[in-house]
$ cat data39.txt   # compact mmCIF, C-alpha atoms
# COMPACT_ATOMS: atom_id res chain seq x y z
CA MET A 1 47.83 69.85 50.20
CA ALA A 2 44.44 68.23 50.56
CA VAL A 3 44.36 67.64 46.80
CA ALA A 4 47.87 66.19 46.89
CA LEU A 5 46.91 63.89 49.76
CA SER A 6 43.77 62.68 48.04
CA LEU A 7 45.69 62.08 44.81
CA PHE A 8 48.28 60.17 46.79
CA GLY A 9 45.46 58.19 48.43
CA SER A 10 43.83 57.30 45.12
CA ASN A 11 47.19 56.22 43.68
CA LEU A 12 47.67 53.97 46.67
CA SER A 13 44.28 52.34 46.19
CA ILE A 14 45.05 51.74 42.50
CA LEU A 15 48.38 50.18 43.46
CA SER A 16 46.81 47.85 46.04
CA ALA A 17 44.05 46.89 43.58
CA GLN A 18 46.64 45.89 41.04
CA SER A 19 48.74 43.82 43.38
CA ILE A 20 48.20 40.10 43.58
CA GLY A 21 47.25 38.94 47.03
CA LEU A 22 44.55 37.50 49.23
CA GLU A 23 43.24 40.67 50.86
CA ILE A 24 40.10 42.55 49.90
CA GLY A 25 41.06 44.92 47.07
CA ASN A 26 43.80 42.60 45.72
CA ARG A 27 43.72 40.50 42.60
CA PRO A 28 43.62 36.82 43.62
CA PRO A 29 46.43 34.55 42.37
CA GLU A 30 45.68 32.77 39.10
CA ILE A 31 44.24 29.26 39.32
CA LYS A 32 44.77 26.92 36.39
CA LEU A 33 43.33 23.47 37.02
CA PRO A 34 41.63 20.67 35.09
CA SER A 35 37.90 20.13 35.04
CA ILE A 36 36.31 16.68 35.34
CA LYS A 37 36.53 16.30 31.55
CA GLY A 38 40.23 17.14 31.71
CA ASP A 39 40.29 20.53 29.98
CA THR A 40 42.02 23.34 31.86
CA VAL A 41 39.84 26.17 33.17
CA THR A 42 41.61 29.28 34.42
CA LEU A 43 40.15 31.66 36.97
CA SER A 44 41.19 34.61 34.78
CA SER A 45 39.01 33.30 31.93
CA LEU A 46 35.98 34.38 34.00
CA LYS A 47 36.95 38.05 33.99
CA GLY A 48 33.93 40.27 33.46
CA LYS A 49 31.68 38.18 35.73
CA LEU A 50 31.07 38.25 39.47
CA VAL A 51 32.83 35.05 40.60
CA LEU A 52 32.67 33.00 43.76
CA ILE A 53 35.71 30.75 44.21
CA ASP A 54 34.40 27.89 46.36
CA PHE A 55 37.07 25.68 47.91
CA TRP A 56 35.45 22.44 48.98
CA GLY A 57 35.72 18.65 49.05
CA THR A 58 33.24 15.77 49.08
CA TRP A 59 34.84 14.65 52.38
CA CYS A 60 34.02 17.97 54.06
CA SER A 61 30.50 17.75 55.51
CA PRO A 62 29.81 21.50 55.86
CA CYS A 63 31.02 21.98 52.25
CA VAL A 64 28.64 19.31 51.01
CA GLU A 65 25.78 20.85 52.99
CA GLU A 66 26.56 24.21 51.38
CA GLN A 67 26.37 22.93 47.79
CA SER A 68 22.55 23.06 47.72
CA GLU A 69 22.67 26.70 48.91
CA LEU A 70 25.20 27.49 46.19
CA ALA A 71 22.86 25.91 43.63
CA LYS A 72 20.11 28.31 44.73
CA LEU A 73 22.45 31.31 44.48
CA TYR A 74 23.64 30.16 41.07
CA ARG A 75 20.08 29.91 39.75
CA LYS A 76 19.16 33.26 41.28
CA TYR A 77 22.11 35.33 40.04
CA LYS A 78 23.56 33.50 37.02
CA GLN A 79 22.10 35.95 34.49
CA ALA A 80 22.10 39.05 36.73
CA THR A 81 23.93 42.27 35.96
CA PHE A 82 26.14 43.64 38.70
CA ILE A 83 27.79 46.99 39.37
CA ASN A 84 31.09 45.50 38.22
CA GLY A 85 30.26 42.43 36.21
CA LYS A 86 27.77 40.77 33.92
CA GLY A 87 26.58 37.37 35.15
CA PHE A 88 27.52 35.28 38.19
CA GLU A 89 29.79 32.23 38.06
CA ILE A 90 30.98 29.75 40.67
CA TYR A 91 34.50 28.38 40.30
CA GLY A 92 34.46 25.26 42.47
CA VAL A 93 37.91 24.04 43.50
CA SER A 94 37.69 20.55 44.96
CA LEU A 95 40.36 19.31 47.37
CA ASP A 96 39.30 15.71 46.80
CA ALA A 97 41.94 13.02 46.39
CA LYS A 98 39.90 10.59 44.31
CA LYS A 99 38.36 11.56 41.00
CA SER A 100 35.51 9.05 41.38
CA ASN A 101 34.34 10.68 44.66
CA TRP A 102 34.41 14.15 43.10
CA GLU A 103 32.83 13.15 39.80
CA ASN A 104 30.09 11.01 41.39
CA TYR A 105 29.07 13.84 43.70
CA VAL A 106 29.02 16.43 40.91
CA VAL A 107 27.02 14.19 38.57
CA THR A 108 24.57 12.89 41.22
CA ASN A 109 23.87 16.35 42.56
CA LYS A 110 23.70 17.93 39.09
CA ILE A 111 26.24 20.62 39.92
CA ASN A 112 26.24 22.76 36.80
CA TRP A 113 28.88 25.37 37.61
CA ILE A 114 32.61 25.16 36.91
CA GLN A 115 34.43 22.41 38.79
CA VAL A 116 38.21 22.00 38.83
CA SER A 117 40.66 19.91 40.88
CA ASP A 118 44.21 18.59 40.84
CA LEU A 119 43.03 15.73 43.13
CA LYS A 120 45.84 16.42 45.58
CA PHE A 121 43.75 16.80 48.76
CA TRP A 122 45.51 19.10 51.25
CA ARG A 123 48.73 18.80 49.24
CA SER A 124 47.22 20.85 46.43
CA PRO A 125 49.49 23.83 45.63
CA VAL A 126 46.36 25.99 45.43
CA ALA A 127 45.65 25.31 49.14
CA LYS A 128 49.09 26.74 49.89
CA THR A 129 48.82 29.69 47.47
CA TYR A 130 45.47 30.66 48.96
CA ASN A 131 46.67 30.00 52.52
CA ILE A 132 43.61 27.88 53.24
CA GLN A 133 43.35 26.93 56.90
CA GLY A 134 40.16 24.88 56.67
CA LEU A 135 37.14 24.12 54.51
CA PRO A 136 34.74 25.45 53.40
CA PHE A 137 36.51 28.60 52.24
CA ASN A 138 35.46 31.04 49.54
CA ILE A 139 36.42 34.30 47.86
CA LEU A 140 34.10 36.66 45.98
CA ILE A 141 35.65 38.63 43.11
CA ASP A 142 34.14 41.27 40.87
CA GLY A 143 34.20 41.58 37.08
CA ASN A 144 37.51 43.44 37.24
CA GLY A 145 39.04 40.51 39.11
CA ILE A 146 39.24 42.30 42.47
CA ILE A 147 38.55 40.51 45.78
CA LEU A 148 35.34 41.88 47.33
CA ALA A 149 34.81 39.47 50.24
CA LYS A 150 36.31 36.39 51.86
CA ASN A 151 34.74 33.40 53.54
CA ILE A 152 31.15 34.56 53.78
CA HIS A 153 28.42 31.95 53.75
CA GLY A 154 24.66 31.46 53.93
CA ILE A 155 22.46 34.52 54.17
CA ASP A 156 25.47 36.86 54.42
CA LEU A 157 26.73 35.66 51.04
CA ASP A 158 23.30 36.08 49.45
CA LYS A 159 23.00 39.61 50.90
CA GLU A 160 26.47 40.56 49.67
CA ILE A 161 25.70 39.39 46.12
CA ALA A 162 22.33 41.17 46.18
CA ARG A 163 24.08 44.37 47.31
CA LEU A 164 26.26 44.23 44.19
CA LEU A 165 23.32 44.04 41.77
CA HIS A 166 23.10 46.83 39.23
CA LYS A 167 19.96 48.79 40.06
CA MET B 168 6.09 24.99 99.07
CA LYS B 169 5.05 23.55 95.72
CA THR B 170 6.69 26.51 93.99
CA LYS B 171 9.94 25.91 95.90
CA ILE B 172 9.94 22.22 94.91
CA PHE B 173 9.24 23.18 91.31
CA ILE B 174 12.12 25.67 91.26
CA PHE B 175 14.46 23.11 92.85
CA VAL B 176 13.51 20.41 90.32
CA PHE B 177 13.80 22.87 87.42
CA PHE B 178 17.29 23.99 88.40
CA THR B 179 18.43 20.42 89.07
CA ILE B 180 17.35 19.33 85.58
CA ALA B 181 18.84 22.45 84.00
CA ALA B 182 22.16 21.92 85.81
CA SER B 183 22.33 18.24 84.80
CA LEU B 184 21.63 19.14 81.18
CA PHE B 185 24.40 21.70 81.34
CA VAL B 186 26.83 19.08 82.69
CA ILE B 187 25.87 16.55 79.96
CA ASN B 188 26.32 19.18 77.28
CA ASP B 189 29.65 20.25 78.76
CA VAL B 190 30.91 16.66 78.82
CA SER B 191 30.12 16.10 75.14
CA ALA B 192 31.78 19.42 74.25
CA GLN B 193 34.95 18.17 75.88
CA GLY B 194 34.77 15.03 73.76
CA GLN B 195 34.87 12.70 76.76
CA ASN B 196 32.93 10.10 74.81
CA ASP B 197 35.70 9.85 72.23
CA PRO B 198 37.48 6.48 72.09
CA TRP B 199 40.86 7.85 73.13
CA THR B 200 42.47 9.41 76.15
CA PRO B 201 44.53 12.64 76.16
CA GLN B 202 47.59 10.41 76.70
CA GLN B 203 46.86 8.65 73.39
CA LEU B 204 47.25 11.87 71.40
CA LEU B 205 50.64 12.03 69.70
CA ALA B 206 52.09 15.49 68.99
CA PRO B 207 52.97 15.94 65.27
CA ALA B 208 56.40 17.33 66.26
CA ASP B 209 57.16 14.09 68.14
CA LEU B 210 56.21 11.87 65.18
CA ALA B 211 58.17 14.10 62.78
CA LYS B 212 61.23 13.74 65.02
CA VAL B 213 60.96 9.94 64.96
CA LEU B 214 60.39 9.80 61.18
CA ASN B 215 63.41 12.04 60.62
CA ASN B 216 65.61 9.75 62.69
CA PRO B 217 66.00 6.34 60.99
CA LYS B 218 67.85 5.02 64.08
CA SER B 219 64.77 5.55 66.20
CA PRO B 220 62.24 2.65 66.38
CA GLN B 221 59.61 3.43 63.74
CA PRO B 222 55.90 3.07 64.48
CA ILE B 223 53.48 1.67 61.91
CA VAL B 224 51.57 4.71 60.66
CA TYR B 225 48.16 4.19 59.06
CA CYS B 226 46.33 6.87 57.10
CA ILE B 227 42.67 6.22 57.81
CA GLY B 228 41.57 9.28 55.79
CA MET B 229 41.70 10.46 52.17
CA ASP B 230 45.39 10.54 51.32
CA ALA B 231 48.55 9.20 52.98
CA VAL B 232 50.48 12.48 52.97
CA ILE B 233 52.83 11.50 55.84
CA LYS B 234 56.13 9.89 54.96
CA GLY B 235 56.06 6.11 55.21
CA SER B 236 52.39 5.92 56.15
CA ILE B 237 50.16 3.13 54.88
CA ASN B 238 46.98 4.15 53.06
CA VAL B 239 43.98 2.28 54.44
CA GLY B 240 41.27 4.61 53.12
CA PRO B 241 38.58 6.51 55.05
CA ALA B 242 37.72 4.41 58.12
CA MET B 243 34.10 5.60 58.01
CA LYS B 244 33.59 3.06 55.19
CA ALA B 245 33.11 -0.53 56.38
CA GLU B 246 35.35 -1.95 53.63
CA ASN B 247 38.28 0.28 54.67
CA LEU B 248 37.77 -0.44 58.37
CA ASN B 249 37.79 -4.12 57.50
CA ASN B 250 41.00 -3.58 55.52
CA LEU B 251 42.56 -2.03 58.65
CA LYS B 252 41.32 -4.96 60.73
CA GLN B 253 42.99 -7.44 58.36
CA LYS B 254 46.30 -5.58 58.67
CA LEU B 255 46.03 -5.33 62.46
CA ASN B 256 45.23 -9.04 62.77
CA LYS B 257 48.78 -9.82 61.64
CA LEU B 258 50.40 -7.63 64.32
CA PRO B 259 51.35 -8.32 67.96
CA LYS B 260 49.04 -6.47 70.37
CA ASN B 261 51.89 -4.37 71.71
CA SER B 262 52.90 -3.00 68.27
CA GLN B 263 53.61 0.70 68.13
CA ILE B 264 50.77 2.06 65.96
CA VAL B 265 49.81 5.60 64.91
CA VAL B 266 46.64 6.52 63.00
CA TYR B 267 45.74 9.83 61.38
CA CYS B 268 43.19 11.40 59.05
CA GLY B 269 43.57 15.20 59.06
CA CYS B 270 40.71 16.05 56.72
CA CYS B 271 38.86 18.23 59.19
CA PRO B 272 38.84 19.39 62.81
CA PHE B 273 38.57 16.43 65.22
CA SER B 274 35.01 17.39 66.18
CA ARG B 275 33.69 16.57 62.72
CA CYS B 276 36.18 14.01 61.36
CA PRO B 277 34.15 10.90 60.42
CA ASN B 278 37.19 8.57 60.29
CA ILE B 279 39.19 8.80 63.52
CA ARG B 280 36.52 7.41 65.84
CA PRO B 281 35.85 4.12 64.01
CA ALA B 282 39.61 3.47 63.69
CA MET B 283 40.40 4.23 67.34
CA LYS B 284 37.39 2.18 68.46
CA LEU B 285 38.68 -0.79 66.41
CA LEU B 286 42.14 -0.57 68.01
CA GLN B 287 40.50 -0.40 71.42
CA ASP B 288 38.19 -3.35 70.70
CA MET B 289 41.10 -5.42 69.36
CA GLN B 290 42.90 -4.72 72.65
CA PHE B 291 46.02 -3.15 71.25
CA THR B 292 48.14 -1.66 74.00
CA ASN B 293 50.44 0.84 72.28
CA TYR B 294 48.49 2.90 69.76
CA LYS B 295 48.16 6.64 69.29
CA LEU B 296 46.08 9.14 67.37
CA LEU B 297 48.15 11.80 65.64
CA ASN B 298 47.02 15.12 67.10
CA LEU B 299 45.94 17.07 64.02
CA PRO B 300 43.25 19.24 65.64
CA GLN B 301 42.70 21.45 62.58
CA ASN B 302 43.79 19.38 59.58
CA VAL B 303 46.85 17.71 58.05
CA LYS B 304 47.73 20.84 56.07
CA VAL B 305 47.88 23.28 58.96
CA ASP B 306 49.22 20.82 61.54
CA TRP B 307 51.65 18.83 59.36
CA ILE B 308 52.29 20.07 55.79
CA ASP B 309 52.62 23.76 56.71
CA LYS B 310 55.10 22.85 59.46
CA GLY B 311 57.43 21.24 56.93
CA TYR B 312 57.22 17.78 58.51
CA PRO B 313 58.22 14.78 56.33
CA MET B 314 55.83 13.90 53.55
CA SER B 315 55.36 10.94 51.27
CA GLU B 316 56.32 11.24 47.61
$ encode --input "data39.txt" --output "structure tokens"
Amino acid sequence: MAVALSLFGSNLSILSAQSIGLEIGNRPPEIKLPSIKGDTVTLSSLKGKLVLIDFWGTWCSPCVEEQSELAKLYRKYKQATFINGKGFEIYGVSLDAKKSNWENYVVTNKINWIQVSDLKFWRSPVAKTYNIQGLPFNILIDGNGIILAKNIHGIDLDKEIARLLHK
Amino acid sequence: MKTKIFIFVFFTIAASLFVINDVSAQGQNDPWTPQQLLAPADLAKVLNNPKSPQPIVYCIGMDAVIKGSINVGPAMKAENLNNLKQKLNKLPKNSQIVVYCGCCPFSRCPNIRPAMKLLQDMQFTNYKLLNLPQNVKVDWIDKGYPMSE
């Protein structure tokens, strides 16, 4: 019986891991948006890496303040090997409305990770799909494309990434 | 005796600091009164009823997502605030005016204060701030209220 229960339990966890959703253990919904240059970058193309999806906007002051911290994390972990993933990537989704604001900020601040946006501000379908209630908001996913953590910032985010390093 | 005076002075200063802090937390320095906050449901009702007198709705933030609203641009920028001033100059002081931004929670929105201050300084008598305490997505879009194309 115990064996049956544990088998049942493991099947359940596999099922929840495979389902698309926004909870820890789910696969996040696909995001397919243009970069500043105009080419489409999908979230799924980053499979195999530890990925932080960073929802932000140049009009959101705490988001802007966080960008320098993200730059430090990016430098620190970009080439690292993790338990479930090789390398660290940031997939920045901007909720800006004007391309010039977004582009100027990214260029001026030398943001060198992936940046995408549909320039639809709060009307962006991705804000609805991800049920975003406010910015900044982020999701950490592993190399298998499974959500590990949601909306963690600052030292907590650094600690969580460090915890996932392959030792 | 000196100790008692010291304790009295200390607690008086501490209490006054607490009161000052409390006042700013309540946003009592903001250039609007609670009566000037317009509930989103009330504006949606008016916009959905063409027979009802329509206010002039200005978006003083990033994007005019509300149906029929006029995009002025973020009021934190002098050029946009000036743009709003030009538009307001053409209106009677008793015009029914609504402004909104909805980027962020009120406490950190950089646009609503300059716009409301301008309306106050220009001595308009019938203007409101749309009450979007969280943002325009949560408090307007998610509620299914009328949107611009």
$ atom_distance --input "data39.txt" --atom1 "atom CA of B:Leu297" --atom2 "atom CA of A:Asp118"
26.0 Å
$ closest_residue --input "data39.txt" --among "A:Asn131, A:Thr42, A:Ser117, A:Thr108" --to "chain B" --atoms "all atoms listed in the file"
A:Asn131
$ closest_atom_pairs --input "data39.txt" --of "chain A" --to "chain B" --cutoff "12 Å" --atoms "all atoms listed in the file" --output "JSON lines"
{"residue": "A:Trp56", "atom": "CA", "partner": "B:Cys270", "partner_atom": "CA", "distance": 11.3}
{"residue": "A:Gly57", "atom": "CA", "partner": "B:Cys270", "partner_atom": "CA", "distance": 9.5}
{"residue": "A:Thr58", "atom": "CA", "partner": "B:Met229", "partner_atom": "CA", "distance": 10.5}
{"residue": "A:Trp59", "atom": "CA", "partner": "B:Cys270", "partner_atom": "CA", "distance": 7.4}
{"residue": "A:Cys60", "atom": "CA", "partner": "B:Cys271", "partner_atom": "CA", "distance": 7.1}
{"residue": "A:Ser61", "atom": "CA", "partner": "B:Arg275", "partner_atom": "CA", "distance": 8.0}
{"residue": "A:Pro62", "atom": "CA", "partner": "B:Arg275", "partner_atom": "CA", "distance": 9.3}
{"residue": "A:Cys63", "atom": "CA", "partner": "B:Cys271", "partner_atom": "CA", "distance": 11.1}
{"residue": "A:Leu95", "atom": "CA", "partner": "B:Cys270", "partner_atom": "CA", "distance": 9.9}
{"residue": "A:Asp96", "atom": "CA", "partner": "B:Met229", "partner_atom": "CA", "distance": 7.9}
{"residue": "A:Ala97", "atom": "CA", "partner": "B:Met229", "partner_atom": "CA", "distance": 6.3}
{"residue": "A:Lys98", "atom": "CA", "partner": "B:Met229", "partner_atom": "CA", "distance": 8.1}
{"residue": "A:Lys99", "atom": "CA", "partner": "B:Met229", "partner_atom": "CA", "distance": 11.7}
{"residue": "A:Asn101", "atom": "CA", "partner": "B:Met229", "partner_atom": "CA", "distance": 10.5}
{"residue": "A:Leu119", "atom": "CA", "partner": "B:Asp230", "partner_atom": "CA", "distance": 10.0}
{"residue": "A:Lys120", "atom": "CA", "partner": "B:Asp230", "partner_atom": "CA", "distance": 8.2}
{"residue": "A:Phe121", "atom": "CA", "partner": "B:Asp230", "partner_atom": "CA", "distance": 7.0}
{"residue": "A:Trp122", "atom": "CA", "partner": "B:Lys304", "partner_atom": "CA", "distance": 5.6}
{"residue": "A:Arg123", "atom": "CA", "partner": "B:Lys304", "partner_atom": "CA", "distance": 7.2}
{"residue": "A:Ser124", "atom": "CA", "partner": "B:Lys304", "partner_atom": "CA", "distance": 9.7}
{"residue": "A:Pro125", "atom": "CA", "partner": "B:Lys304", "partner_atom": "CA", "distance": 11.0}
{"residue": "A:Val126", "atom": "CA", "partner": "B:Lys304", "partner_atom": "CA", "distance": 11.9}
{"residue": "A:Ala127", "atom": "CA", "partner": "B:Lys304", "partner_atom": "CA", "distance": 8.5}
{"residue": "A:Lys128", "atom": "CA", "partner": "B:Asp309", "partner_atom": "CA", "distance": 8.2}
{"residue": "A:Thr129", "atom": "CA", "partner": "B:Asp309", "partner_atom": "CA", "distance": 11.6}
{"residue": "A:Asn131", "atom": "CA", "partner": "B:Val305", "partner_atom": "CA", "distance": 9.4}
{"residue": "A:Ile132", "atom": "CA", "partner": "B:Val305", "partner_atom": "CA", "distance": 8.5}
{"residue": "A:Gln133", "atom": "CA", "partner": "B:Val305", "partner_atom": "CA", "distance": 6.2}
{"residue": "A:Gly134", "atom": "CA", "partner": "B:Asn302", "partner_atom": "CA", "distance": 7.2}
{"residue": "A:Leu135", "atom": "CA", "partner": "B:Cys271", "partner_atom": "CA", "distance": 7.7}
{"residue": "A:Pro136", "atom": "CA", "partner": "B:Cys271", "partner_atom": "CA", "distance": 10.1}
$ atom_distance --input "data39.txt" --atom1 "atom CA of A:Asn26" --atom2 "atom CA of A:Glu65"
29.2 Å
$ closest_residue --input "data39.txt" --among "B:Cys226, B:Ile279, B:Leu299, B:Met289" --to "B:Met243" --atoms "all atoms listed in the file"
B:Ile279
$ atom_distance --input "data39.txt" --atom1 "atom CA of B:Pro281" --atom2 "atom CA of A:Val64"
21.3 Å
